[in-house]
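Read the structure below first, then the notes.
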Amino acid sequence: MENPALILRDVHKCFGKGETSVQALNGVSIQVPAGTVTGLIGPDGAGKTTLMRLCCGLLELDGGSVETLGIDAVEQPAAVQAAVGYMPQRFGLYEDLSVQENLDLYANLQGVPVASRQQRYDQLMQMTGLAPFTRRLAGKLSGGMKQKLGLACALVRPPALLLLDEPTVGVDPVSRRELWQIVYSQVKDAGMSVLLSTAYLDEAERCNEVILLHKGEVLGQAPPHEFSKTMQGRTWEAASSEMPTRRLQNALSRHPGISDAIINGDRVRIITQQGYQPEAQTLLPDASDLHIQAVPPRFEDAFIDRLGGSDETAHATPEIRNIETGDSEGDAIRVEKLERRFGDFIAVKQISFSVKRGEIFGLLGANGAGKTTTFRMLCGLLPVSSGKVSVAGHDLRTASAQARGHIGYMAQKFSLYGNLTVEQNLRFFSAAYNLHGQRQQARIRWALEGFELEPYANTNAGTLPLGYKQRLAFATALMHEPEILFLDEPTSGVDPLARREFWRRTNALAEAGVTVLVTTHFMEEADYCDHLVIMAEGSILAAGTPHELRSLARSDKHPEPSMEDAFISLIQTREEAP
Amino acid sequence: MKSQARMRLKGMIRKEWLQILRDPSSIAIAFLMPVVLLFLFGYGVSLDAKQIPLGLVIDQPDSNTASFSASFDHSDFFSPRTFGSIQEAQQALAERQIDGIVWLRSNFSSLLLSGQDSPIAVRVNGVDANQARITQGYIQGAWLSWLNQYAAQHGRQLPLPVAMEQRVWFNAALISRHYLVPGLVAIIMTLTGSLLTAMVVAREWERGTMEALMVTPLKMQEMLIGKLIPYFFLGMGGMLFTVALSVWQFHVPFRGSFLALIGASALFMLVALALGLLISIVSKNQFVAGQIAIIITFLPAFILSGFIFDINSMPQAIQVVTHLVPARYLVSILQSLFLAGDVWPVYWANMGAMLIMLLVLMRIVRKKSYKRLD
């Protein structure tokens with residue numbers, strides 16, 4: 001047995017002082033074995049980046065010790081930094097340098113002998129498929145290509161230990177698969193050890209070993225199947241032909257014997273409480289044709305279970321006034337041949353779709369696919385280059401304030417005032433939507449109660465935990481009870497429990513007749529939508545119900561393809577097309 | 001190991017150059033900014049009184065009044081306009097069309113011919129006190145020279161007990177541009193050295209590239225030197241360009257030695273770069289770094305360096321503060337190099353002050369910068 005690549009003993013790390021201090025890591029002890037791929041898995045704010053940086057000697061410790069490749073990372077940070085390969089979250093690329101110039105820079109810094117460089121470059125370019133683009137500026141590469149170039153730069157001199165901080169976030173599934181291939185080829189060929197952090201739980205299953213991190217503490221370390229094994233006999237899928245999946249999920253998640261219920265394709269995937277045997281008749285007596293079958297457990301099930309399950313009854317759902325959909329004719333949103341150009345660059349190419357009243361409509365795609373640009377045009381924040389947009393019968397760019405009052409918008413980035421308290425934010429945004437007096441009071445109370453923000457009412461919004469920031473942003477978008485709601489990447493970076501909570505609230509809105517337009521780069525979230533379009537490089541690849549889209553990838557080999565499979569097959573078909 | 005260090009440094013410098021070449025804003029600050037500032041200060045801003053608009057009122061024109069008014073016409077300092085009556089001229093003065101009035105009353109010639117005192121009336125707009133004093137002085141000068149001329153023509157002696165014979169040294173024609181433009185070199189070098197450098201380093205923090213650089217064998221001093229060298233040459237390039245433009249385009253005399261100029265600007269450039277690096281350590285955000293750089297380096301270089309406002313006429317307390325402004329020492333050296341020549345006592349005293357500043361700043365920078373994020 002080789003020496004471990006990384007040894008952390010009782011590591012403590014705290015940021016800030018006094019009341020605003022954050023305990024990023026709290027007594028973490030782990031060993032990362034050499035010559036394997038270890039996944040560091042946990043939601044945003046779990047302490048993944050802090051741990052990575054500590055391993056590189058970039059931060060000071062508050063307690064414990066870190067040993068990287070046998071070197072003390074606190075005592076000899078320079079020696080550690082010279083030995084490891086590291087790719088920080090935003091890939092560490094110079095966007096105004098070309099692919100080749102980025103490689104040259106890192107080759108110089110890593111002291112790669114000039115004689116052996118070309119051979120290494122050729123290898124890396126062939127592996128990443130970047131060979132045709134060596135002269136292109138890094139800033140003009142797609143998200144997936146940037147990620148691969150970042151990886152190539154970290155691999156210019158093959159390091160004994162490779163640390164990758166969230167290399168796959170927001171990158172399209174095809175590029176994600178390719179990244180994993182490259183990582184494994186390095187482990188196999190060069191005997192490299194890899195520590196990779198990710199917030200995607202489905203990626204855990206690709207690792208040799210998984211370290212589960214949550215709120216600065218290690219929940220467990222084991223090969224991924226070991227995690228799933230503990231869930232044996234507790235995972236099931238339910239389906240009913242009578243009930244829409246969303247309503248079924250809603251009903252099931254309220255059942256006391258069930259600790260988690262999520263939509264998975266056309267079925268609802270449930271985790272039952274220890275020892276509870278679900279039976280169709282007792283579970284939901286009203287649904288006559290409920291089918292329940294046992295399914296093999298997944299890593300995510302174990303994760304959710306370890307966090308204590310998604311306790312549905314513990315969270316309030318805000319009451320929502322029913323929107324009368326009958327009185328207005330036509331589709332809520334209609335988009336015809338919409339196009340947006342920035343100089344030579346076409347961000348959105350001739351897209352058309354329409355959204356019916358009271359449905360959840362999804363825009364699915366990787367970062368840079370054109371989702372946010374489309375959103376901004378729909379909300380009238382960005383002029384269209386050509387094409388037509390109508391939201392509730394208006395072009396919001398020219399519509400009156402009254403027409404704008406019918407929509408709510410939650411931006412991708414935290415767009416509330418960080419130095420105002422939660423209540424002041426609610427007050428300000430409700431006033432901006434013309435609410436005042438008793439009605440304003442009532443709505444603020446509604447938001448504080450319905451989104452469980454009361455304990456934080458007097459906390460500055462900027463210091464809230466991420467999940468609560470997202471709740472607050474969601475609440476402010478709903479203050480004026482809009483008929484149409486735009487949600488731009490609402491679940492990006494939020495932990496799986498908060499994501500479940502978010503979708504439950506969104507479902508409740510849709511049930512009440514609110515039209516919801518949502519963008520996401522989480523493929524599995526597509527199943528929550530009634531209809532969706534898949535976007536890549538500004539175009540719509542496919543449109544339809546989740547079921548229809550998944551069936552596009554159905555084959556003998558893949559009888560039940562996931563949304564990710566569908567996405568990948570769509571991209572591949574497009575690339576093969578002349 | 002030596003060759004590896006050289007390779008790393010070479011890599012950093014090359015990268016920094018490529019970024020400078022691709023970033024229009026750094027080229028603009030180094031080369032376009034000097035042009036804009038030079039044109040502004042060379043043509044636009046002038047502290048000289050030239051072509052003062054002046055109203056002449058002559059109640060009874062004759063040959064004497066004609067020769068009197070001609071002396072104003074021929075002067076560079078005035079652009080006279082003739083008014084028919086004092087009322088019209090006063091109106092024009094009130095509307096600020098003219099800055100002063102010279103009024104020759106109807107008895108001017110007769111009194112002059114009869115050898116008696118012949119008063120002329122002068123009115124000056126006193127709103128801008130400085131301008132008023134200058135106008136007044138120039139009118140007096142014009143009138144005195146006319147009087148001398150008149151006396152010579154008529155073979156008389158002026159009854160003046162003491163006559164002043166004045167000489168202006170170093171800037172004989174009293175052209176304020178000659179005094180302003182050398183100081184601009186310090187301003188332009190402050191921009192490249194402190195503002196640009198602070199923002200460029202902050203950009204690395206903002207874009208997350210600093211983190212990637214840190215986890216390489218690159219040493220902190222190599223990173224600092226790698227940043228210093230390209231911007232040093234960029235700043236020196238801007239300096240040479242500014243000097244060339246001032247000498248050839250604006251005909252500012254350069255009387256000192258070129259080597260002394262290079263030495264002083266190189267030392268100042270290092271001080272400015274050290275300040276820029278220090279700012280970037282304090283602020284890892286481009287916007288804040290830019291603001292700090294403007295407030296603590298650029299504005300003081302403008303106001304407190306003696307570039308426009310004379311330090312000796314500032315309040316005592318402010319004069320003490322100016323000693324903390326590195327540009328002050330360079331401006332002082334530049335003004336003497338351009339206008340007076342190599343004045344070694346001035347040169348070395350100011351060089352010494354800059355050297356002390358450099359050593360102190362470098363020590364702080366070296367101490368404050370380490371390869372860590374917190």
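Labels used: A, B, ... for chains in the order of the structure tokens, numbers from 1 for residues in each chain, and numbers from 1 for ligands as shown.
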Counting only C-alpha atoms, which residues from chain B have an atom at most 12 Å from any atom of chain A, and could you show them as an MDAnalysis selection string? chainID B and resid 1:24 203:220 222:223 226 370:374
Do a neighbour search on stretch 178-187 of chain B at 9 Å with only C-alpha atoms, toss out local chain neighbours closer than 3 positions, and write the hits as a PyMOL selection string. chain B and resi 34+37-38+41-42+46+171+174-175+190-191+238-240+242-243+246+250-253+265+268-269+298+301-302+305-308+327-328+330-332+334-335+337-339
Which residues, written as an MDAnalysis selection string, have at least one atom at most 12 Å from B:Ile295, with only C-alpha atoms counted and residues fewer than 2 positions away on the same chain left out? chainID B and resid 190:191 194:195 279 288:293 297:304 325
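Across the structure, atom CA of A:Asp286 and atom CA of A:Gly257 are spaced 17.1 Å apart.
Reported to one decimal place, the separation of atom CA of A:Leu453 from atom CA of A:Val422 is 7.8 Å.
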If you count only C-alpha atoms, which residues fall within 10 Å of A:Val389, apart from same-chain ones fewer than 4 positions away, as a ChimeraX atom specification? /A:333-338,352-354,377-380,384,393-397
To test your reading of the structure, identify every residue in stretch 87-258 of chain B that backbone DSSP assigns to strand (DSSP E or B), and report it as a PDB file with C-alpha atoms, in the first residue's frame.
```pdb
ATOM      1  CA  GLY B 100     -10.814  96.405 -19.176  1.00  0.00           C
ATOM      2  CA  ILE B 101     -11.390  99.874 -20.571  1.00  0.00           C
ATOM      3  CA  VAL B 102      -8.887 102.563 -21.470  1.00  0.00           C
ATOM      4  CA  TRP B 103     -10.614 105.945 -21.837  1.00  0.00           C
ATOM      5  CA  LEU B 104      -9.006 108.982 -23.440  1.00  0.00           C
ATOM      6  CA  ALA B 121      -8.910 106.537 -17.266  1.00  0.00           C
ATOM      7  CA  VAL B 122      -8.482 102.769 -16.813  1.00  0.00           C
ATOM      8  CA  ARG B 123     -11.217 100.406 -15.674  1.00  0.00           C
ATOM      9  CA  VAL B 124     -10.509  96.759 -15.044  1.00  0.00           C
TER      10      VAL B 124
END
```
Within 8 Å of stretch 1-6 of chain A, counting only C-alpha atoms, which residues qualify if same-chain residues fewer than 4 places away don't, as JSON, numbers by chain? {"A": [30, 31, 32, 33, 34, 55, 66, 67, 68, 69, 70, 161, 193]}
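Atom CA of A:Ala294 sits 25.6 Å away from atom CA of A:Thr545.
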Contacts of stretch 272-284 of chain A within 7 Å, only C-alpha atoms, excl. fewer than 2 positions in-chain, as a ChimeraX atom specification: /A:234-235,257-259,270,286-287,290-292
Please write the residues from the selection above to a file, keeping N, CA and C atoms, as a PDB file, in the first residue's frame.
```
ATOM      1  N   ARG A 234     -34.762   0.388   0.565  1.00  0.00           N
ATOM      2  CA  ARG A 234     -35.514   1.572   0.968  1.00  0.00           C
ATOM      3  C   ARG A 234     -35.834   2.476  -0.215  1.00  0.00           C
ATOM      4  N   THR A 235     -35.484   2.054  -1.410  1.00  0.00           N
ATOM      5  CA  THR A 235     -35.711   2.919  -2.567  1.00  0.00           C
ATOM      6  C   THR A 235     -36.704   2.278  -3.520  1.00  0.00           C
ATOM      7  N   GLY A 257     -44.431   7.763   6.194  1.00  0.00           N
ATOM      8  CA  GLY A 257     -43.465   6.675   6.038  1.00  0.00           C
ATOM      9  C   GLY A 257     -42.386   6.970   5.007  1.00  0.00           C
ATOM     10  N   ILE A 258     -42.507   8.105   4.335  1.00  0.00           N
ATOM     11  CA  ILE A 258     -41.602   8.389   3.214  1.00  0.00           C
ATOM     12  C   ILE A 258     -40.702   9.560   3.581  1.00  0.00           C
ATOM     13  N   SER A 259     -39.399   9.365   3.450  1.00  0.00           N
ATOM     14  CA  SER A 259     -38.511  10.459   3.847  1.00  0.00           C
ATOM     15  C   SER A 259     -38.126  11.329   2.658  1.00  0.00           C
ATOM     16  N   ILE A 270     -38.968   7.271  -4.485  1.00  0.00           N
ATOM     17  CA  ILE A 270     -39.151   7.537  -3.059  1.00  0.00           C
ATOM     18  C   ILE A 270     -38.124   6.797  -2.211  1.00  0.00           C
ATOM     19  N   ASP A 286     -56.644   6.903  -2.665  1.00  0.00           N
ATOM     20  CA  ASP A 286     -57.457   7.474  -3.752  1.00  0.00           C
ATOM     21  C   ASP A 286     -56.953   7.023  -5.126  1.00  0.00           C
ATOM     22  N   ALA A 287     -55.647   6.799  -5.232  1.00  0.00           N
ATOM     23  CA  ALA A 287     -55.123   6.434  -6.546  1.00  0.00           C
ATOM     24  C   ALA A 287     -55.234   4.937  -6.734  1.00  0.00           C
ATOM     25  N   LEU A 290     -51.992   2.797  -8.622  1.00  0.00           N
ATOM     26  CA  LEU A 290     -50.629   3.114  -8.204  1.00  0.00           C
ATOM     27  C   LEU A 290     -49.758   1.857  -8.259  1.00  0.00           C
ATOM     28  N   HIS A 291     -48.651   1.983  -8.974  1.00  0.00           N
ATOM     29  CA  HIS A 291     -47.714   0.862  -9.042  1.00  0.00           C
ATOM     30  C   HIS A 291     -46.458   1.224  -8.292  1.00  0.00           C
ATOM     31  N   ILE A 292     -45.990   0.308  -7.493  1.00  0.00           N
ATOM     32  CA  ILE A 292     -44.761   0.563  -6.760  1.00  0.00           C
ATOM     33  C   ILE A 292     -43.802  -0.574  -7.020  1.00  0.00           C
TER      34      ILE A 292
END
```
If you run DSSP on the backbone, which residues of stretch 3-112 of chain B are alpha helix (DSSP H), as a PyMOL selection string? chain B and resi 3-22+24-27+33-39+63-73+86-94+108-112
